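See below for my_file-v6.txt, which holds compact mmCIF, C-alpha atoms.
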```txt
# COMPACT_ATOMS: atom_id res chain seq x y z
CA MET I 1 142.11 92.93 -27.14
CA ILE I 2 144.17 90.73 -29.43
CA GLU I 3 146.26 93.30 -31.31
CA GLY I 4 149.39 91.33 -30.43
CA VAL I 5 147.88 88.16 -31.88
CA ILE I 6 146.34 89.58 -35.04
CA ARG I 7 148.57 89.86 -38.10
CA ARG I 8 147.10 92.48 -40.38
CA ARG I 9 147.49 92.56 -44.14
CA HIS I 10 147.63 95.89 -45.94
CA LEU I 11 144.32 96.77 -47.59
CA LEU I 12 145.19 97.22 -51.27
CA ILE I 13 142.77 99.32 -53.26
CA GLY I 14 144.63 99.79 -56.54
CA MET I 15 143.53 103.41 -56.68
CA ALA I 16 146.62 104.51 -58.58
CA ALA I 17 145.49 102.46 -61.57
CA LEU I 18 142.13 104.20 -61.74
CA PRO I 19 141.38 107.20 -63.94
CA LEU I 20 141.14 110.49 -62.10
CA VAL I 21 137.59 111.62 -61.45
CA ALA I 22 138.16 115.34 -61.37
CA GLY I 23 139.38 117.71 -64.02
CA CYS I 24 137.65 116.26 -67.09
CA THR I 25 135.37 118.12 -69.44
CA GLY I 26 131.70 117.23 -69.46
CA MET I 27 129.22 116.35 -72.19
CA GLY I 28 125.88 117.90 -72.89
CA GLY I 29 122.31 116.82 -72.25
CA MET I 30 121.43 113.46 -70.71
CA ALA I 31 124.92 112.09 -71.39
CA SER I 32 126.40 114.60 -68.96
CA MET I 33 124.04 113.30 -66.26
CA ASP I 34 125.19 109.74 -66.89
CA GLU I 35 128.79 110.94 -66.70
CA ALA I 36 128.07 112.90 -63.52
CA ILE I 37 126.58 109.81 -61.83
CA ARG I 38 129.58 107.69 -62.79
CA ARG I 39 131.96 110.30 -61.43
CA LEU I 40 129.88 110.66 -58.29
CA LEU I 41 130.00 106.90 -57.67
CA MET I 42 133.67 106.58 -58.57
CA LEU I 43 134.70 109.38 -56.24
CA SER I 44 132.38 108.19 -53.47
CA THR I 45 133.86 104.70 -53.73
CA GLN I 46 137.43 105.97 -53.78
CA ARG I 47 136.83 108.10 -50.70
CA ALA I 48 135.01 105.30 -48.88
CA PHE I 49 137.80 102.80 -49.45
CA ALA I 50 140.45 105.35 -48.56
CA ARG I 51 138.76 105.60 -45.15
CA LEU I 52 138.27 101.84 -44.86
CA ALA I 53 141.94 101.27 -45.74
CA ALA I 54 143.01 103.17 -42.64
CA GLN I 55 143.87 101.06 -39.60
CA ASP I 56 140.69 100.03 -37.81
CA GLY I 57 138.70 101.18 -40.83
CA PHE I 58 135.71 99.04 -39.83
CA PHE I 59 136.30 98.62 -36.11
CA GLY I 60 137.07 102.29 -35.51
CA ASP I 61 133.85 103.57 -37.07
CA ALA I 62 130.76 103.24 -34.88
CA VAL I 63 128.50 103.20 -37.96
CA LEU I 64 130.49 100.66 -39.98
CA ARG I 65 131.61 98.42 -37.12
CA ILE I 66 130.49 94.82 -37.58
CA GLY I 67 128.84 93.09 -34.65
CA VAL I 68 129.68 89.62 -33.40
CA PRO I 69 127.50 87.06 -35.22
CA GLU I 70 124.99 85.56 -32.80
CA ARG I 71 125.86 82.04 -33.89
CA LEU I 72 129.32 82.50 -32.31
CA ALA I 73 127.53 82.08 -28.99
CA SER I 74 125.30 79.27 -30.13
CA ASN I 75 122.70 78.03 -27.68
CA GLN I 76 123.89 74.52 -28.51
CA ALA I 77 127.19 75.12 -26.76
CA GLY I 78 127.66 73.59 -23.33
CA GLY I 79 126.86 75.57 -20.18
CA VAL I 80 130.40 76.61 -19.16
CA LEU I 81 131.50 77.18 -22.73
CA GLN I 82 128.32 79.11 -23.46
CA ARG I 83 129.00 81.46 -20.58
CA LEU I 84 132.65 81.82 -21.63
CA LEU I 85 131.71 82.73 -25.20
CA ARG I 86 129.47 85.48 -23.85
CA THR I 87 131.99 87.07 -21.50
CA PRO I 88 133.00 90.67 -22.34
CA VAL I 89 136.65 89.64 -22.85
CA VAL I 90 135.88 86.92 -25.40
CA GLN I 91 133.17 88.99 -27.08
CA GLY I 92 135.66 91.85 -27.41
CA GLN I 93 138.18 89.52 -29.03
CA LEU I 94 135.55 88.17 -31.40
CA LEU I 95 134.45 91.72 -32.27
CA ARG I 96 138.00 92.65 -33.19
CA LEU I 97 138.46 89.41 -35.12
CA VAL I 98 135.42 89.79 -37.38
CA ASN I 99 136.13 93.47 -38.08
CA ASP I 100 139.76 92.80 -38.99
CA ALA I 101 138.62 89.92 -41.21
CA ALA I 102 136.27 92.31 -43.04
CA TRP I 103 139.11 94.84 -43.31
CA ASP I 104 141.38 92.24 -44.93
CA ALA I 105 138.67 91.00 -47.29
CA ALA I 106 137.32 94.36 -48.48
CA GLU I 107 139.94 94.78 -51.20
CA ARG I 108 138.35 91.92 -53.19
CA THR I 109 135.24 93.98 -53.84
CA THR I 110 136.92 96.94 -55.54
CA PRO I 111 137.28 95.42 -59.05
CA ILE I 112 133.58 94.51 -59.05
CA LEU I 113 132.52 97.98 -57.93
CA TYR I 114 134.76 99.96 -60.27
CA ASP I 115 133.95 97.74 -63.25
CA SER I 116 130.23 97.98 -62.52
CA ILE I 117 130.41 101.78 -62.32
CA ARG I 118 132.24 102.01 -65.63
CA ARG I 119 129.77 99.69 -67.38
CA MET I 120 126.53 100.98 -65.90
CA SER I 121 123.86 102.60 -68.01
CA PHE I 122 121.39 104.71 -66.10
CA GLY I 123 117.82 104.25 -67.27
CA ASP I 124 116.58 107.10 -65.11
CA ALA I 125 119.55 109.44 -64.77
CA ILE I 126 117.36 112.41 -63.91
CA GLY I 127 115.69 110.46 -61.10
CA ILE I 128 119.06 109.45 -59.67
CA VAL I 129 120.50 112.97 -59.94
CA ARG I 130 117.43 114.47 -58.28
CA GLY I 131 117.01 111.60 -55.83
CA GLY I 132 117.92 111.25 -52.19
CA PRO I 133 121.40 111.71 -50.73
CA GLN I 134 122.36 108.10 -51.51
CA ALA I 135 120.30 107.51 -54.66
CA ALA I 136 123.28 106.61 -56.86
CA THR I 137 124.71 104.24 -54.24
CA ASP I 138 121.33 102.54 -53.88
CA TYR I 139 121.19 102.11 -57.66
CA LEU I 140 124.69 100.61 -57.73
CA GLU I 141 123.87 98.28 -54.84
CA ARG I 142 120.82 96.95 -56.69
CA SER I 143 122.89 96.47 -59.84
CA VAL I 144 125.76 94.64 -58.11
CA GLY I 145 123.48 92.48 -55.96
CA ASP I 146 125.06 89.52 -54.15
CA ARG I 147 128.27 89.65 -56.18
CA ILE I 148 129.88 91.78 -53.48
CA VAL I 149 129.06 89.19 -50.80
CA ASP I 150 130.34 86.40 -53.06
CA ALA I 151 133.62 88.30 -53.50
CA LEU I 152 133.98 88.80 -49.76
CA PHE I 153 133.06 85.25 -48.76
CA PRO I 154 136.30 83.33 -49.48
CA GLU I 155 138.52 86.14 -48.23
CA VAL I 156 136.57 86.52 -45.00
CA GLY I 157 136.95 82.80 -44.32
CA GLY I 158 140.68 82.90 -44.97
CA ALA I 159 141.12 86.03 -42.88
CA LEU I 160 139.16 84.61 -39.94
CA ARG I 161 141.46 81.58 -39.88
CA GLU I 162 144.63 83.60 -40.50
CA LEU I 163 143.97 86.38 -38.00
CA ASP I 164 142.96 84.10 -35.14
CA GLY I 165 146.14 83.16 -33.31
CA GLY I 166 144.63 79.84 -32.26
CA VAL I 167 143.10 80.49 -28.84
CA LEU I 168 139.69 81.43 -30.13
CA GLY I 169 139.87 78.70 -32.74
CA GLN I 170 140.37 76.08 -30.06
CA LEU I 171 137.58 77.58 -28.00
CA LEU I 172 135.14 77.60 -30.88
CA GLY I 173 136.27 74.16 -31.97
CA ALA I 174 135.06 72.83 -28.63
CA ALA I 175 131.62 74.35 -29.10
CA THR I 176 128.97 72.17 -30.65
CA GLY I 177 126.71 73.65 -33.27
CA VAL I 178 129.08 76.49 -34.28
CA ASP I 179 128.70 76.80 -38.04
CA PHE I 180 131.90 78.34 -39.45
CA THR I 181 130.42 78.67 -42.95
CA GLY I 182 127.43 80.46 -41.46
CA ILE I 183 129.74 82.78 -39.52
CA GLN I 184 131.68 83.41 -42.70
CA ARG I 185 128.45 84.30 -44.52
CA ASP I 186 127.25 86.54 -41.67
CA VAL I 187 130.50 88.53 -41.59
CA SER I 188 130.55 88.80 -45.40
CA GLY I 189 127.00 90.14 -45.45
CA SER I 190 127.73 92.61 -42.66
CA ALA I 191 130.91 93.77 -44.40
CA ALA I 192 129.00 94.32 -47.64
CA ARG I 193 126.39 96.42 -45.85
CA ALA I 194 129.15 98.44 -44.19
CA ILE I 195 130.82 99.07 -47.55
CA TRP I 196 127.55 100.32 -49.07
CA SER I 197 127.00 102.52 -46.04
CA ALA I 198 130.49 103.98 -46.40
CA ILE I 199 129.98 104.73 -50.11
CA GLY I 200 126.53 106.22 -49.47
CA ARG I 201 127.90 108.46 -46.77
CA GLU I 202 130.54 109.82 -49.16
CA GLU I 203 127.93 110.33 -51.88
CA ALA I 204 125.78 112.36 -49.50
CA GLY I 205 128.77 114.53 -48.64
CA ILE I 206 129.56 115.19 -52.29
CA ARG I 207 125.95 116.04 -53.08
CA ALA I 208 125.90 118.47 -50.17
CA ASP I 209 129.04 120.24 -51.41
CA PRO I 210 129.83 119.37 -55.05
CA ARG I 211 132.22 122.31 -55.37
CA SER I 212 134.58 120.64 -52.91
CA THR I 213 135.35 117.95 -55.51
CA GLY I 214 136.87 120.37 -58.02
CA ASP I 215 135.14 118.36 -60.76
CA PRO I 216 133.34 120.67 -63.24
CA VAL I 217 130.84 117.98 -64.23
CA LEU I 218 129.82 117.25 -60.64
CA GLU I 219 129.71 120.95 -59.87
CA SER I 220 127.53 121.78 -62.87
CA VAL I 221 125.06 118.89 -62.51
CA PHE I 222 124.69 118.62 -58.73
CA GLY I 223 125.33 122.28 -58.03
CA LEU I 224 122.17 123.21 -59.96
CA ILE I 225 119.85 121.06 -57.86
CA ARG I 226 120.94 122.22 -54.42
```

So that I can check it, write out the structure of this file as structure tokens.
Amino acid sequence: MIEGVIRRRHLLIGMAALPLVAGCTGMGGMASMDEAIRRLLMLSTQRAFARLAAQDGFFGDAVLRIGVPERLASNQAGGVLQRLLRTPVVQGQLLRLVNDAAWDAAERTTPILYDSIRRMSFGDAIGIVRGGPQAATDYLERSVGDRIVDALFPEVGGALRELDGGVLGQLLGAATGVDFTGIQRDVSGSAARAIWSAIGREEAGIRADPRSTGDPVLESVFGLIR
């Protein structure tokens, strides 16, 4: 493990600047469904990032943990180096490195997600409300598209360079055919998928027990369809 080498940055979410989800009065008809979906997504996102902000938020979760990109053990590397890159010790260090890089970079996605939620109009609110356990998250993911990966990309690159104390950097620098930009893109894509998974998991939990939120709009809309 390289805990002594890695210098972690605090994962800032800016949650204090966000409006509270619970405790507001609802609106009638279709508008209340739109409002319920926004509150569902806002609360799901807040809860997901609260968990991700904890130490080892990615690495410590078996579902969200990011695997080592295959190109880090490129077949173009030399024989001895190839074998070294695939040893459990080095693979463990690389696993920690990419997960901590995702942890550092995740904060950059929050403005995009919160702004998208606030601005979204739901063409089929009834379908989303009555949909599967992650229907709203799936809708948000389609709406945001690759913007979340684009937000992660520069931060992941910076974090990979910053968090590596130099040993792995020298090792990888000696390997031919190791594409750092490709690694950066792989980790960014994996981090984005983990973030969506985390939000979807929170959405499913809220749908299963809307009363636990204390939000009258979520309780009234999602409580009726259980």

Point-to-point distance from CA of Gly123 in chain I to CA of Ala151 in chain I, Å rounded to tenths: 26.3 Å

Shortest interatomic distance to Ser32 in chain I - which of I:Tyr139, I:Val144, I:Phe122, I:Arg207, counting all atoms listed in the file: I:Phe122

Edge lengths and centre in Å, axis-aligned, range 133-143 of chain I plus 6 Å each side, as lines of an AutoDock Vina configuration file:
```
center_x = 122.5
center_y = 104.1
center_z = -55.3
size_x = 16.4
size_y = 27.2
size_z = 21.1
```

Pick from I:Pro133, I:Gly189, I:Ile183, I:Phe49, whichever lies nearest to Phe222 in chain I using all atoms listed in the file: I:Pro133

For Ile195 in chain I: contacts at 10 Å, all atoms listed in the file, fewer than 5 positions along chain excluded, given as a list in words: Thr45, Ala48, Phe49, Leu52, Phe58, Leu64, Ala102, Ala106, Thr109, Ile148, Gly189, Ser190, Gly200 and Arg201 of chain I

Contact residues around Ile117 in chain I with all atoms listed in the file at 8 Å, ignoring same-chain residues under 6 positions, as a JSON list (two decimals) with C-alpha atoms, in the frame of the given file:
```json
[["chain", "number", "residue", "atom", "x", "y", "z"],
["I", 38, "ARG", "CA", 129.58, 107.69, -62.79],
["I", 41, "LEU", "CA", 130.00, 106.90, -57.67],
["I", 42, "MET", "CA", 133.67, 106.58, -58.57],
["I", 140, "LEU", "CA", 124.69, 100.61, -57.73]]
```

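If all atoms listed in the file are the atoms counted, then among I:Met120, I:Glu219, I:Trp103, I:Gly158 the closest residue to Ser143 in chain I is I:Met120.
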
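Among the candidates I:Arg185, I:Val98, I:Glu203, I:Ser220, the one nearest to Ile128 in chain I when counting all atoms listed in the file is I:Glu203.
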
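Distance check against Asp61 in chain I using only C-alpha atoms: of I:Ala192, I:Ser197, I:Gly131, I:Val156, the minimum falls on I:Ser197.
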
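CA of Gly157 in chain I lies 5.5 Å from CA of Gln184 in chain I.
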
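The interatomic distance for the pair CA of Asp179 in chain I and CA of Phe153 in chain I works out to 14.3 Å.
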
Distance query 12 Å from (123.5, 117.5, -52.8) using all atoms listed in the file, result as a ChimeraX atom specification: /I:40,128-136,201-212,218-226

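The shortest atom-to-atom distance to Ile112 in chain I, with all atoms listed in the file taken into account, belongs to I:Arg147 out of I:Arg142, I:Arg96, I:Arg83, I:Arg147.
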